[in-house]
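*Asks:* Below are the structure tokens for one structure; questions will follow.
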Amino acid sequence: MKKYYLILLLLAGSSCERLLIEENPQNTLVENFEVFWQEFDRHYSFLALKQIDWDSVYQINRPRVARFTTNKELYDLFEEIILNLEDGHVNLFAGNRSVRYDFTEGFPVNSPEFASRYLENVIQPADQIFYADVVNTNLGFISIRSFGGNQAAFENIDVIIQQFADKAGIIIDVRSNGGGSDTNSNTIAARFTDQRRLYRRFRYRNGPQSTDFTDWLDDYIEPKGTYFSRPVAVLTNRGCYSATEDFILAMRQFSQVTVVGGVTGGGSGNPIIRELPNGWVFRLSSWMVASPDFTIYEGIGLAPDVQVTISEADIAEERDTILEEAIKLLQ
């Protein structure tokens, strides 16, 4: 097996990714499988948590690969292995094909598609964010569709909160926000705390055994910018994932915040990137995140304070019952 070296793209503790550069790899089907299996064996953070016998994955599939004659067969095998991990942070990119586990399957959609019916005076300062007044109330509404992109887009939160200075409360809708950067999610959350607070713990896989990890490290959210102290409702569904769950973890630490809606996607893995000898790229989770009380939510999700499901009857009537519950709570 060839040796590898790493280029760190972002600092540890953020939603970072790292790229593997290989030295003169042999591009055979067997070698590609060996690289794929060994990278998960050495770095994947959830083998023990999910009770996955990774040695058995090798023993069962290595003889199969030896009989393969096409890249399609190898791709189909990798797809099978990845989907069995049930981890939305594990992906394979092979030309115009890709593999990703659907963590929303089997859960209520709880879509925000009808939210606009409850809003007026909509302003969109950035692609990821818009804000508005909730009709017939003294409430503000902020929609955040992604935590990806330049941090400057999220610094607009100060202007928004200043616009909402006289509001009785704010509803923050992060439904179907698949994540992005926890730097951006923290930029928003920091406006709703008046003191430094522990909001999550994390540890990295750091050894050859599936139970080898660093000590738990603490992450804090600190006050920044314009502080909003009045009641806040955060709207969630199963599509909330990764950095969006970091945002929810932080917001749950603040006494004026209530989380309303559905359970989140359960994605805490902080992926690293690897490249196979044939040029295919894959990602795998490299760390484990827990709430301040050491509750691990990978594959489970974060439960709301108030659970609400949008029913088929609600959809037929174009009602957003999650938003309606938040309005009722804040009023």
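Ligands are numbered from 1 in the order shown, chains are lettered A, B, ... in the order of the structure tokens, and residues start at 1 in each chain.
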Among region 23-200 of chain A, which residues carry a DSSP assignment of alpha helix (DSSP H), reported as a PyMOL selection string?

*Replies:* chain A and resi 29-43+54-67+71-85+151-154+157-163+182-189

*Asks:* Give me, as a list of chain:residue names, all polymer residues having an atom no more than 12 Å from Thr211 (chain A), counting only C-alpha atoms and skipping those fewer than 5 positions away in the same chain.

*Replies:*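 Final neighbour list, sorted by chain and number: A:Asp41, A:Arg42, A:His43, A:Tyr44, A:Ser45, A:Phe46, A:Leu47, A:Ala48, A:Leu49, A:Lys50, A:Gln51, A:Ile52, A:Arg203, A:Tyr204, A:Arg205, A:Asn206, A:Trp287, A:Met288.
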
*Asks:* Could you list, as a JSON list (two decimals) with C-alpha atoms, in the first residue's frame, every residue within 7 Å of Ala233 (chain A), counting only C-alpha atoms and ignoring same-chain residues fewer than 3 positions away?

*Replies:*
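Result file is part_26.json:
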[["chain", "number", "residue", "atom", "x", "y", "z"],
["A", 170, "ILE", "CA", -38.63, 36.49, 16.26],
["A", 171, "ILE", "CA", -39.26, 33.26, 14.37],
["A", 172, "ILE", "CA", -36.13, 31.77, 12.74],
["A", 257, "VAL", "CA", -35.55, 30.13, 22.64],
["A", 258, "THR", "CA", -38.07, 27.39, 21.86],
["A", 259, "VAL", "CA", -37.44, 24.85, 19.07],
["A", 260, "VAL", "CA", -40.62, 23.95, 17.17],
["A", 326, "ALA", "CA", -44.59, 29.20, 16.72]]

*Asks:* Just want the 10 Å neighbourhood of Asp218 (chain A), counted on only C-alpha atoms, with same-chain residues fewer than 5 positions away dropped. Output as a list in words.

*Replies:* Gly13, Leu198, Tyr199, Arg200, Arg201, Phe202, Arg203, Val289, Ala290, Ser291 and Pro292 of chain A

*Asks:* Could you please write out, as an MDAnalysis selection string, every residue of region 104-321 of chain A that DSSP assigns to strand (DSSP E)?

*Replies:* chainID A and resid 119:126 129:134 139:144 169:173 197:204 217:221 232:236 257:261 271:275 281:285 287:290 306:307

*Asks:* Tell me which of A:Tyr241, A:Phe40, A:Phe282, A:Phe254 sits closest to Phe103 (chain A), counting only C-alpha atoms.

*Replies:*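 When distances to Phe103 (chain A) are compared using only C-alpha atoms, the smallest one comes from A:Tyr241.
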